[in-house]
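File shown here: run04.cif, holding mmCIF, C-alpha atoms.
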data_target
#
loop_
_atom_site.group_PDB
_atom_site.id
_atom_site.type_symbol
_atom_site.label_atom_id
_atom_site.label_comp_id
_atom_site.auth_asym_id
_atom_site.auth_seq_id
_atom_site.Cartn_x
_atom_site.Cartn_y
_atom_site.Cartn_z
ATOM 1 C CA MET A 239 5.234 -76.420 -30.438
ATOM 2 C CA PHE A 240 8.452 -76.899 -28.475
ATOM 3 C CA LYS A 241 8.491 -80.743 -28.502
ATOM 4 C CA LYS A 242 11.858 -82.049 -27.369
ATOM 5 C CA ASN A 243 13.790 -83.980 -30.040
ATOM 6 C CA PRO A 244 15.407 -87.367 -29.232
ATOM 7 C CA PRO A 245 19.119 -87.168 -28.335
ATOM 8 C CA SER A 246 21.905 -87.605 -30.869
ATOM 9 C CA TRP A 247 24.294 -90.528 -30.373
ATOM 10 C CA ARG A 248 27.939 -91.272 -31.132
ATOM 11 C CA CYS A 249 30.185 -94.309 -31.000
ATOM 12 C CA VAL A 250 32.261 -94.604 -27.838
ATOM 13 C CA ALA A 251 35.151 -96.258 -29.694
ATOM 14 C CA CYS A 252 35.712 -93.695 -32.462
ATOM 15 C CA LYS A 253 33.355 -90.813 -31.495
ATOM 16 C CA ALA A 254 31.626 -90.942 -34.882
ATOM 17 C CA PRO A 255 27.937 -89.958 -35.081
ATOM 18 C CA ILE A 256 25.535 -92.897 -35.228
ATOM 19 C CA ALA A 257 21.798 -93.216 -35.821
ATOM 20 C CA ILE A 258 19.515 -94.042 -32.930
ATOM 21 C CA ASP A 259 18.680 -97.430 -34.517
ATOM 22 C CA ALA A 260 22.232 -98.178 -35.736
ATOM 23 C CA TYR A 261 23.505 -101.760 -35.291
ATOM 24 C CA TYR A 262 27.136 -101.210 -36.314
ATOM 25 C CA CYS A 263 29.207 -98.010 -36.428
ATOM 26 C CA LYS A 264 29.813 -97.159 -40.081
ATOM 27 C CA LYS A 265 33.267 -95.743 -39.326
ATOM 28 C CA CYS A 266 34.888 -98.384 -37.131
ATOM 29 C CA ARG A 267 32.394 -101.261 -37.482
ATOM 30 C CA ALA A 268 31.977 -101.541 -33.706
ATOM 31 C CA LEU A 269 28.751 -103.086 -32.410
ATOM 32 C CA VAL A 270 26.622 -100.224 -31.135
ATOM 33 C CA SER A 271 23.168 -101.776 -30.952
ATOM 34 C CA LEU A 272 20.988 -100.103 -28.327
ATOM 35 C CA ASP A 273 19.769 -103.545 -27.230
ATOM 36 C CA LEU A 274 22.953 -105.619 -27.537
ATOM 37 C CA ALA A 275 25.700 -103.100 -26.719
ATOM 38 C CA PRO A 276 24.214 -100.048 -24.978
ATOM 39 C CA ASP A 277 27.582 -99.194 -23.379
ATOM 40 C CA ALA A 278 29.162 -98.872 -26.821
ATOM 41 C CA ARG A 279 27.243 -95.705 -27.559
ATOM 42 C CA GLU A 280 26.912 -92.350 -25.754
ATOM 43 C CA ILE A 281 24.860 -89.186 -26.116
ATOM 44 C CA ASP A 282 26.571 -86.649 -28.359
ATOM 45 C CA ARG A 283 26.844 -83.436 -26.357
ATOM 46 C CA THR A 284 29.397 -81.649 -28.543
ATOM 47 C CA PHE A 285 28.781 -78.012 -29.405
ATOM 48 C CA ARG A 286 28.805 -78.776 -33.127
ATOM 49 C CA THR A 287 25.952 -81.251 -32.756
ATOM 50 C CA LYS A 288 23.919 -78.866 -30.599
ATOM 51 C CA LEU A 289 24.394 -76.122 -33.174
ATOM 52 C CA ASN A 290 23.376 -78.446 -35.987
ATOM 53 C CA ARG A 291 20.237 -79.556 -34.106
ATOM 54 C CA ALA A 292 19.290 -75.925 -33.437
ATOM 55 C CA TRP A 293 19.732 -75.102 -37.120
ATOM 56 C CA HIS A 294 17.457 -77.942 -38.166
ATOM 57 C CA MET A 295 14.680 -77.139 -35.708
ATOM 58 C CA ARG A 296 11.223 -77.204 -37.173
ATOM 59 C CA ALA A 297 10.236 -73.962 -38.854
ATOM 60 C CA VAL A 298 7.408 -73.286 -36.380
ATOM 61 C CA ALA A 299 9.753 -73.595 -33.417
ATOM 62 C CA LYS A 300 12.365 -71.334 -35.010
ATOM 63 C CA ILE A 301 9.770 -68.701 -35.869
ATOM 64 C CA SER A 302 8.313 -68.882 -32.353
ATOM 65 C CA TRP A 303 11.697 -68.417 -30.692
ATOM 66 C CA THR A 304 12.511 -65.581 -33.087
ATOM 67 C CA LEU A 305 9.260 -63.836 -32.136
ATOM 68 C CA VAL A 306 9.908 -64.317 -28.413
ATOM 69 C CA ILE A 307 13.419 -62.895 -28.692
ATOM 70 C CA GLY A 308 12.243 -60.056 -30.943
ATOM 71 C CA ILE A 309 9.422 -59.046 -28.593
ATOM 72 C CA SER A 310 11.799 -59.125 -25.627
ATOM 73 C CA LEU A 311 14.282 -56.871 -27.413
ATOM 74 C CA VAL A 312 11.588 -54.398 -28.481
ATOM 75 C CA SER A 313 10.057 -54.307 -24.984
ATOM 76 C CA GLY A 314 13.472 -53.802 -23.400
ATOM 77 C CA SER A 315 14.344 -51.014 -25.837
ATOM 78 C CA TYR A 316 11.016 -49.246 -25.228
ATOM 79 C CA PHE A 317 11.441 -49.481 -21.455
ATOM 80 C CA ALA A 318 15.020 -48.174 -21.634
ATOM 81 C CA ASN A 319 13.999 -45.306 -23.919
ATOM 82 C CA THR A 320 11.111 -44.374 -21.603
ATOM 83 C CA ILE A 321 13.546 -44.046 -18.717
ATOM 84 C CA ARG A 322 16.160 -42.223 -20.783
ATOM 85 C CA ILE A 323 13.948 -39.427 -22.092
ATOM 86 C CA ALA A 324 12.588 -38.683 -18.613
ATOM 87 C CA ARG A 325 16.025 -38.511 -17.010
ATOM 88 C CA VAL A 326 18.098 -36.500 -19.485
ATOM 89 C CA ASP A 327 18.405 -32.762 -20.044
ATOM 90 C CA ASN A 328 16.157 -31.692 -22.928
ATOM 91 C CA HIS A 329 17.861 -28.249 -22.847
ATOM 92 C CA SER A 330 14.606 -26.365 -22.297
ATOM 93 C CA SER A 331 16.494 -24.095 -19.893
ATOM 94 C CA ALA A 332 20.071 -22.852 -19.807
ATOM 95 C CA THR A 333 19.919 -22.695 -16.007
ATOM 96 C CA PHE A 334 17.880 -25.662 -14.808
ATOM 97 C CA VAL A 335 17.292 -29.306 -15.654
ATOM 98 C CA MET A 336 14.209 -31.231 -14.512
ATOM 99 C CA LYS A 337 14.052 -35.021 -14.215
ATOM 100 C CA VAL A 338 11.076 -37.302 -13.539
ATOM 101 C CA ASP A 339 11.165 -39.700 -10.605
ATOM 102 C CA SER A 340 10.180 -43.317 -11.395
ATOM 103 C CA PRO A 341 9.991 -42.514 -15.129
ATOM 104 C CA SER A 342 8.443 -45.851 -16.170
ATOM 105 C CA SER A 343 5.457 -45.291 -13.834
ATOM 106 C CA PRO A 344 5.638 -41.733 -12.493
ATOM 107 C CA PHE A 345 1.964 -41.212 -11.626
ATOM 108 C CA GLN A 346 0.284 -41.939 -8.312
ATOM 109 C CA CYS A 347 -3.452 -41.412 -8.589
ATOM 110 C CA SER A 348 -6.256 -41.198 -6.044
ATOM 111 C CA GLY A 349 -9.756 -40.450 -7.224
ATOM 112 C CA THR A 350 -9.544 -37.632 -9.757
ATOM 113 C CA ILE A 351 -6.075 -36.423 -8.750
ATOM 114 C CA CYS A 352 -2.776 -37.742 -10.185
ATOM 115 C CA GLN A 353 0.652 -36.788 -8.922
ATOM 116 C CA ALA A 354 4.204 -37.127 -10.218
ATOM 117 C CA THR A 355 7.385 -36.012 -8.485
ATOM 118 C CA VAL A 356 10.393 -34.405 -10.129
ATOM 119 C CA GLU A 357 13.920 -33.346 -9.300
ATOM 120 C CA ILE A 358 15.137 -29.905 -10.384
ATOM 121 C CA THR A 359 18.838 -29.019 -10.489
ATOM 122 C CA ASN A 360 20.618 -25.710 -10.953
ATOM 123 C CA LYS A 361 23.162 -26.470 -13.686
ATOM 124 C CA THR A 362 25.121 -23.260 -13.210
ATOM 125 C CA ASN A 363 27.818 -22.047 -10.846
ATOM 126 C CA ARG A 364 25.685 -19.186 -9.606
ATOM 127 C CA SER A 365 22.559 -18.856 -7.474
ATOM 128 C CA ALA A 366 19.281 -18.896 -9.372
ATOM 129 C CA THR A 367 15.542 -18.557 -8.766
ATOM 130 C CA LEU A 368 12.794 -20.555 -10.458
ATOM 131 C CA ARG A 369 9.257 -19.206 -10.527
ATOM 132 C CA GLY A 370 6.374 -20.725 -12.456
ATOM 133 C CA ILE A 371 3.272 -22.870 -12.573
ATOM 134 C CA PRO A 372 3.612 -26.632 -13.092
ATOM 135 C CA ASN A 373 1.513 -28.422 -15.708
ATOM 136 C CA ILE A 374 1.252 -31.919 -17.115
ATOM 137 C CA LYS A 375 1.082 -32.069 -20.906
ATOM 138 C CA LEU A 376 -0.618 -34.811 -22.943
ATOM 139 C CA ALA A 377 0.066 -35.996 -26.481
ATOM 140 C CA SER A 378 -3.024 -34.074 -27.612
ATOM 141 C CA GLY A 379 -1.251 -30.862 -26.613
ATOM 142 C CA LYS A 380 -3.669 -30.157 -23.775
ATOM 143 C CA ARG A 381 -2.167 -29.056 -20.466
ATOM 144 C CA TYR A 382 -3.548 -29.866 -17.026
ATOM 145 C CA GLY A 383 -2.583 -27.334 -14.411
ATOM 146 C CA PRO A 384 -2.216 -27.615 -10.633
ATOM 147 C CA VAL A 385 -5.224 -28.681 -8.593
ATOM 148 C CA ASN A 386 -6.860 -26.610 -5.897
ATOM 149 C CA LEU A 387 -6.797 -29.101 -3.046
ATOM 150 C CA THR A 388 -9.198 -27.055 -0.915
ATOM 151 C CA MET A 389 -11.922 -27.629 -3.513
ATOM 152 C CA GLY A 390 -11.624 -31.401 -3.734
ATOM 153 C CA SER A 391 -12.626 -34.172 -1.356
ATOM 154 C CA GLU A 392 -10.280 -36.864 -2.737
ATOM 155 C CA HIS A 393 -6.706 -36.054 -1.775
ATOM 156 C CA LEU A 394 -3.469 -37.913 -2.134
ATOM 157 C CA TYR A 395 -1.583 -38.730 1.029
ATOM 158 C CA PHE A 396 0.399 -35.613 1.991
ATOM 159 C CA ALA A 397 -0.979 -33.900 -1.113
ATOM 160 C CA ASP A 398 -0.998 -30.577 0.702
ATOM 161 C CA LYS A 399 2.812 -30.803 0.866
ATOM 162 C CA TYR A 400 3.561 -32.517 -2.446
ATOM 163 C CA CYS A 401 1.117 -30.860 -4.856
ATOM 164 C CA HIS A 402 2.622 -27.481 -5.643
ATOM 165 C CA GLN A 403 0.284 -24.796 -6.904
ATOM 166 C CA SER A 404 3.320 -22.878 -8.110
ATOM 167 C CA PHE A 405 7.087 -22.886 -7.728
ATOM 168 C CA ASP A 406 9.103 -20.093 -6.145
ATOM 169 C CA LEU A 407 12.421 -21.768 -5.458
ATOM 170 C CA THR A 408 15.902 -20.395 -4.845
ATOM 171 C CA PHE A 409 18.863 -22.616 -5.688
ATOM 172 C CA ALA A 410 22.478 -22.436 -4.640
ATOM 173 C CA PRO A 411 25.047 -23.212 -7.360
ATOM 174 C CA LYS A 412 24.691 -26.852 -8.532
ATOM 175 C CA GLU A 413 21.955 -27.478 -5.945
ATOM 176 C CA SER A 414 19.234 -30.063 -6.545
ATOM 177 C CA LYS A 415 15.768 -30.079 -5.005
ATOM 178 C CA LYS A 416 14.137 -33.511 -4.941
ATOM 179 C CA PHE A 417 10.611 -34.926 -4.687
ATOM 180 C CA LEU A 418 8.827 -31.824 -5.911
ATOM 181 C CA GLY A 419 5.205 -32.793 -6.472
ATOM 182 C CA VAL A 420 3.271 -31.888 -9.607
ATOM 183 C CA CYS A 421 -0.449 -32.700 -9.537
ATOM 184 C CA ALA A 422 -3.321 -32.492 -11.987
ATOM 185 C CA GLN A 423 -7.006 -33.298 -11.812
ATOM 186 C CA ASN A 424 -9.148 -35.280 -14.273
ATOM 187 C CA LEU A 425 -6.240 -36.537 -16.382
ATOM 188 C CA PRO A 426 -7.846 -38.881 -18.928
ATOM 189 C CA GLY A 427 -6.777 -42.441 -18.168
ATOM 190 C CA THR A 428 -4.615 -44.317 -20.710
ATOM 191 C CA GLN A 429 -3.776 -41.075 -22.533
ATOM 192 C CA ILE A 430 -0.054 -40.529 -23.183
ATOM 193 C CA ALA A 431 1.644 -37.882 -21.061
ATOM 194 C CA THR A 432 4.465 -36.324 -23.068
ATOM 195 C CA GLY A 433 5.935 -33.989 -20.493
ATOM 196 C CA ILE A 434 5.838 -31.853 -17.386
ATOM 197 C CA GLU A 435 6.203 -28.126 -17.910
ATOM 198 C CA ILE A 436 6.724 -25.109 -15.687
ATOM 199 C CA LEU A 437 5.026 -22.113 -17.289
ATOM 200 C CA SER A 438 5.461 -18.451 -16.579
ATOM 201 C CA ALA A 439 2.577 -16.792 -14.758
ATOM 202 C CA PRO A 440 0.283 -14.810 -17.099
ATOM 203 C CA GLN A 441 0.722 -11.054 -16.817
ATOM 204 C CA ASP A 442 -1.306 -8.280 -18.449
ATOM 205 C CA GLY A 443 -2.819 -10.673 -20.985
ATOM 206 C CA SER A 444 0.595 -11.719 -22.331
ATOM 207 C CA PRO A 445 0.850 -15.407 -23.300
ATOM 208 C CA THR A 446 2.586 -17.798 -20.976
ATOM 209 C CA LYS A 447 5.841 -19.427 -22.000
ATOM 210 C CA VAL A 448 7.643 -22.604 -21.018
ATOM 211 C CA ILE A 449 10.375 -21.839 -18.481
ATOM 212 C CA LEU A 450 11.441 -25.432 -17.885
ATOM 213 C CA SER A 451 10.224 -28.826 -19.077
ATOM 214 C CA VAL A 452 11.011 -32.528 -19.054
ATOM 215 C CA ASP A 453 9.937 -34.994 -21.720
ATOM 216 C CA MET A 454 7.994 -38.171 -21.014
ATOM 217 C CA GLN A 455 6.306 -40.942 -22.961
ATOM 218 C CA VAL A 456 4.080 -42.779 -20.501
ATOM 219 C CA ALA A 457 0.395 -43.592 -20.196
ATOM 220 C CA VAL A 458 -1.738 -42.070 -17.475
ATOM 221 C CA PRO A 459 -3.059 -44.880 -15.241
ATOM 222 C CA SER A 460 -6.625 -45.904 -15.982
ATOM 223 C CA ARG A 461 -9.055 -45.361 -13.107
ATOM 224 C CA PRO A 462 -12.653 -46.464 -12.500
#
Produce structure tokens that represent the structure in this file.
Amino acid sequence: MFKKNPPSWRCVACKAPIAIDAYYCKKCRALVSLDLAPDAREIDRTFRTKLNRAWHMRAVAKISWTLVIGISLVSGSYFANTIRIARVDNHSSATFVMKVDSPSSPFQCSGTICQATVEITNKTNRSATLRGIPNIKLASGKRYGPVNLTMGSEHLYFADKYCHQSFDLTFAPKESKKFLGVCAQNLPGTQIATGIEILSAPQDGSPTKVILSVDMQVAVPSRP
């Protein structure tokens, strides 16, 4: 598919293009035979010739290179967008912003438990408190809440420290808290996770509401 074409030649005396089987140069009539006068010709490495050869590549080769370049651009754009949406403020809160660590592959899974870590920052110039229950949300709209580690036998390393059942955090002005673990159990593998949310605790039958969230667009790792 990508067979290399023979080189282009030119006359040493007048620099005119010549055919590979040329005997005389058409422009200056110099002997340029490959057998009789090999030193009278040279490979044409000018930019114009390279551009002309590229333009006249076989259709299959041109289409193939176009596809390769196109796929690379699309893949790069998707990867960049995946990182961007997980690291920018989606304005779910006027006080806090949450960002996903390792946004292209945020989940670490062991057995039935998957964990992602986030960074939460107080955007304001005043102290603030964040209270709520972390959840992972899938494209289906279903939420998976925090796991009860005392009920499971398959734990992540240091899961007792990095799988928060709930958040009750106090922030100084502009303070950031890093590596806050959010865990869920039985996340369906290969499903798309669209975000991590911190929900208000239910009280007196009132519905919960989203206090803070971060958007994602990443597949949950498949597991046996």
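The interatomic distance for the pair CA of Ala439 in chain A and CA of Ile351 in chain A works out to 22.3 Å.
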### For Ala457 in chain A: contacts at 7 Å, all atoms listed in the file, fewer than 2 positions along chain excluded, given as JSON, numbers by chain
{"A": [428, 429, 430, 431, 459]}
Could those selected residues go to a file with C-alpha atoms, as an mmCIF file, in the frame of the given file?
data_model
loop_
_atom_site.group_PDB
_atom_site.id
_atom_site.type_symbol
_atom_site.label_atom_id
_atom_site.label_comp_id
_atom_site.auth_asym_id
_atom_site.auth_seq_id
_atom_site.Cartn_x
_atom_site.Cartn_y
_atom_site.Cartn_z
ATOM 1 C CA THR A 428 -4.615 -44.317 -20.710
ATOM 2 C CA GLN A 429 -3.776 -41.075 -22.533
ATOM 3 C CA ILE A 430 -0.054 -40.529 -23.183
ATOM 4 C CA ALA A 431 1.644 -37.882 -21.061
ATOM 5 C CA PRO A 459 -3.059 -44.880 -15.241
#
### Task
Grab the CA of Gly433 in chain A to CA of Ser348 in chain A distance for me, in Å with one decimal place.
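A separation of 20.2 Å between them.
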### Task
Could you please give me, as a list of chain:residue names, the residues of protein, DNA or RNA lying at most 12 Å from (26.5, -94.4, -20.7) in the coordinate frame of the file, considering only C-alpha atoms?
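Residues close enough to count: A:Trp247, A:Arg248, A:Cys249, A:Val250, A:Val270, A:Leu272, A:Ala275, A:Pro276, A:Asp277, A:Ala278, A:Arg279, A:Glu280, A:Ile281, A:Asp282.
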### Task
Any chance you could resolve the PyMOL selection byres ((chain A and resi 338) around 8) against this file and give the residues as JSON, numbers by chain?
{"A": [324, 325, 336, 337, 339, 340, 341, 344, 354, 355, 356, 357, 452]}
Enclose the full set of atoms of range 455-460 of chain A listed in the file within a box whose edges lie along x, y and z, apply 3 Å of padding to each of the six sides, and report centre and edge lengths in Å to one decimal as lines of an AutoDock Vina configuration file.
center_x = -0.2
center_y = -43.4
center_z = -19.1
size_x = 18.9
size_y = 11.0
size_z = 13.7
### Task
Pull out every residue that the PyMOL selection byres ((chain A and resi 382) around 6) matches in the shown coordinates and put them as a PyMOL selection string.
chain A and resi 373-374+381+383+422
As a check of understanding, name the residues that the PyMOL selection byres ((chain A and resi 364) around 7) selects in the supplied structure, as a PDB file with C-alpha atoms, keeping the file's coordinate frame.
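Saved to result_14.pdb:
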ATOM      1  CA  THR A 362      25.121 -23.260 -13.210  1.00  0.00           C
ATOM      2  CA  ASN A 363      27.818 -22.047 -10.846  1.00  0.00           C
ATOM      3  CA  SER A 365      22.559 -18.856  -7.474  1.00  0.00           C
ATOM      4  CA  ALA A 366      19.281 -18.896  -9.372  1.00  0.00           C
ATOM      5  CA  ALA A 410      22.478 -22.436  -4.640  1.00  0.00           C
ATOM      6  CA  PRO A 411      25.047 -23.212  -7.360  1.00  0.00           C
TER       7      PRO A 411
END
### Query
Looking at all atoms listed in the file, which of A:Gln353, A:Ser378, A:Gln403, A:Thr446 is the one that sits closest to Asn424 in chain A?
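With all atoms listed in the file as the atom set, the closest residue is A:Gln353.
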### Task
Between CA of Pro384 in chain A and CA of Lys361 in chain A, measure the distance and give it in Å to one decimal.
25.6 Å
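If all atoms listed in the file are the atoms counted, then among A:Gly419, A:Pro445, A:Pro426, A:Pro255 the closest residue to Lys380 in chain A is A:Pro426.
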### Message
Restricting the calculation to only C-alpha atoms: of A:Cys266, A:Cys252, A:Leu450, A:Leu305, which residue gets closest to Asn328 in chain A?
### Response
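Of A:Cys266, A:Cys252, A:Leu450, A:Leu305, the one nearest Asn328 in chain A is A:Leu450, counting only C-alpha atoms.
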### Task
May I ask which of the residues A:Thr350, A:Ser342, A:Ser460, A:Thr359 is the closest one to Phe409 in chain A, counting all atoms listed in the file?
A:Thr359
### Message
Considering all atoms listed in the file, can you say which of A:Ile371, A:Ile436, A:Cys352, A:Ile358 comes closest to Cys421 in chain A?
### Response
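Looking at the shortest contact to Cys421 in chain A, the residue is A:Cys352.
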Save N, CA, C and O atoms of range 317-340 of chain A from the block above as a tab-separated table (two decimals), in the first residue's frame.
chain	number	residue	atom	x	y	z
A	317	PHE	N	-9.40	12.83	23.47
A	317	PHE	CA	-8.60	12.72	24.68
A	317	PHE	C	-8.50	14.08	25.38
A	317	PHE	O	-8.67	14.17	26.60
A	318	ALA	N	-8.25	15.14	24.58
A	318	ALA	CA	-8.14	16.48	25.17
A	318	ALA	C	-9.46	16.92	25.78
A	318	ALA	O	-9.49	17.54	26.85
A	319	ASN	N	-10.58	16.61	25.11
A	319	ASN	CA	-11.88	17.01	25.63
A	319	ASN	C	-12.22	16.24	26.90
A	319	ASN	O	-12.83	16.79	27.83
A	320	THR	N	-11.83	14.95	26.97
A	320	THR	CA	-12.05	14.16	28.17
A	320	THR	C	-11.35	14.78	29.38
A	320	THR	O	-11.92	14.86	30.48
A	321	ILE	N	-10.13	15.22	29.16
A	321	ILE	CA	-9.38	15.87	30.25
A	321	ILE	C	-10.00	17.21	30.61
A	321	ILE	O	-10.14	17.55	31.79
A	322	ARG	N	-10.37	17.97	29.59
A	322	ARG	CA	-10.89	19.33	29.83
A	322	ARG	C	-12.15	19.32	30.69
A	322	ARG	O	-12.26	20.06	31.67
A	323	ILE	N	-13.12	18.47	30.33
A	323	ILE	CA	-14.40	18.52	31.04
A	323	ILE	C	-14.28	18.05	32.48
A	323	ILE	O	-15.11	18.40	33.33
A	324	ALA	N	-13.25	17.26	32.78
A	324	ALA	CA	-13.08	16.76	34.15
A	324	ALA	C	-12.22	17.68	35.00
A	324	ALA	O	-12.08	17.44	36.21
A	325	ARG	N	-11.66	18.74	34.38
A	325	ARG	CA	-10.77	19.61	35.12
A	325	ARG	C	-11.23	21.06	35.14
A	325	ARG	O	-10.51	21.93	35.64
A	326	VAL	N	-12.40	21.35	34.59
A	326	VAL	CA	-12.88	22.73	34.59
A	326	VAL	C	-14.07	22.86	35.54
A	326	VAL	O	-14.71	21.87	35.91
A	327	ASP	N	-14.37	24.09	35.90
A	327	ASP	CA	-15.50	24.39	36.78
A	327	ASP	C	-16.79	24.31	35.98
A	327	ASP	O	-16.98	25.05	35.01
A	328	ASN	N	-17.68	23.40	36.35
A	328	ASN	CA	-18.98	23.32	35.67
A	328	ASN	C	-20.03	24.22	36.34
A	328	ASN	O	-21.21	24.15	35.98
A	329	HIS	N	-19.60	25.02	37.32
A	329	HIS	CA	-20.44	26.02	37.99
A	329	HIS	C	-21.65	25.38	38.69
A	329	HIS	O	-22.72	26.00	38.79
A	330	SER	N	-21.46	24.17	39.19
A	330	SER	CA	-22.54	23.54	39.97
A	330	SER	C	-22.66	24.17	41.35
A	330	SER	O	-23.68	24.01	42.02
A	331	SER	N	-21.61	24.86	41.79
A	331	SER	CA	-21.62	25.50	43.10
A	331	SER	C	-20.98	26.88	42.99
A	331	SER	O	-19.99	27.05	42.28
A	332	ALA	N	-21.54	27.84	43.71
A	332	ALA	CA	-20.95	29.18	43.73
A	332	ALA	C	-19.76	29.24	44.68
A	332	ALA	O	-18.96	30.19	44.62
A	333	THR	N	-19.62	28.23	45.53
A	333	THR	CA	-18.57	28.25	46.55
A	333	THR	C	-17.41	27.33	46.22
A	333	THR	O	-16.24	27.69	46.42
A	334	PHE	N	-17.72	26.14	45.70
A	334	PHE	CA	-16.69	25.13	45.50
A	334	PHE	C	-16.56	24.74	44.04
A	334	PHE	O	-17.50	24.89	43.24
A	335	VAL	N	-15.40	24.20	43.70
A	335	VAL	CA	-15.18	23.56	42.41
A	335	VAL	C	-14.51	22.21	42.68
A	335	VAL	O	-13.61	22.11	43.52
A	336	MET	N	-14.97	21.18	41.99
A	336	MET	CA	-14.41	19.83	42.13
A	336	MET	C	-13.78	19.41	40.81
A	336	MET	O	-14.37	19.59	39.74
A	337	LYS	N	-12.59	18.83	40.89
A	337	LYS	CA	-11.88	18.36	39.71
A	337	LYS	C	-11.48	16.90	39.89
A	337	LYS	O	-11.14	16.48	41.00
A	338	VAL	N	-11.49	16.14	38.81
A	338	VAL	CA	-11.15	14.72	38.85
A	338	VAL	C	-9.65	14.54	38.64
A	338	VAL	O	-9.07	15.16	37.74
A	339	ASP	N	-9.04	13.71	39.46
A	339	ASP	CA	-7.64	13.35	39.25
A	339	ASP	C	-7.55	12.31	38.13
A	339	ASP	O	-8.43	11.46	37.99
A	340	SER	N	-6.47	12.36	37.35
A	340	SER	CA	-6.26	11.41	36.24
A	340	SER	C	-7.53	11.26	35.40
A	340	SER	O	-8.09	10.17	35.30
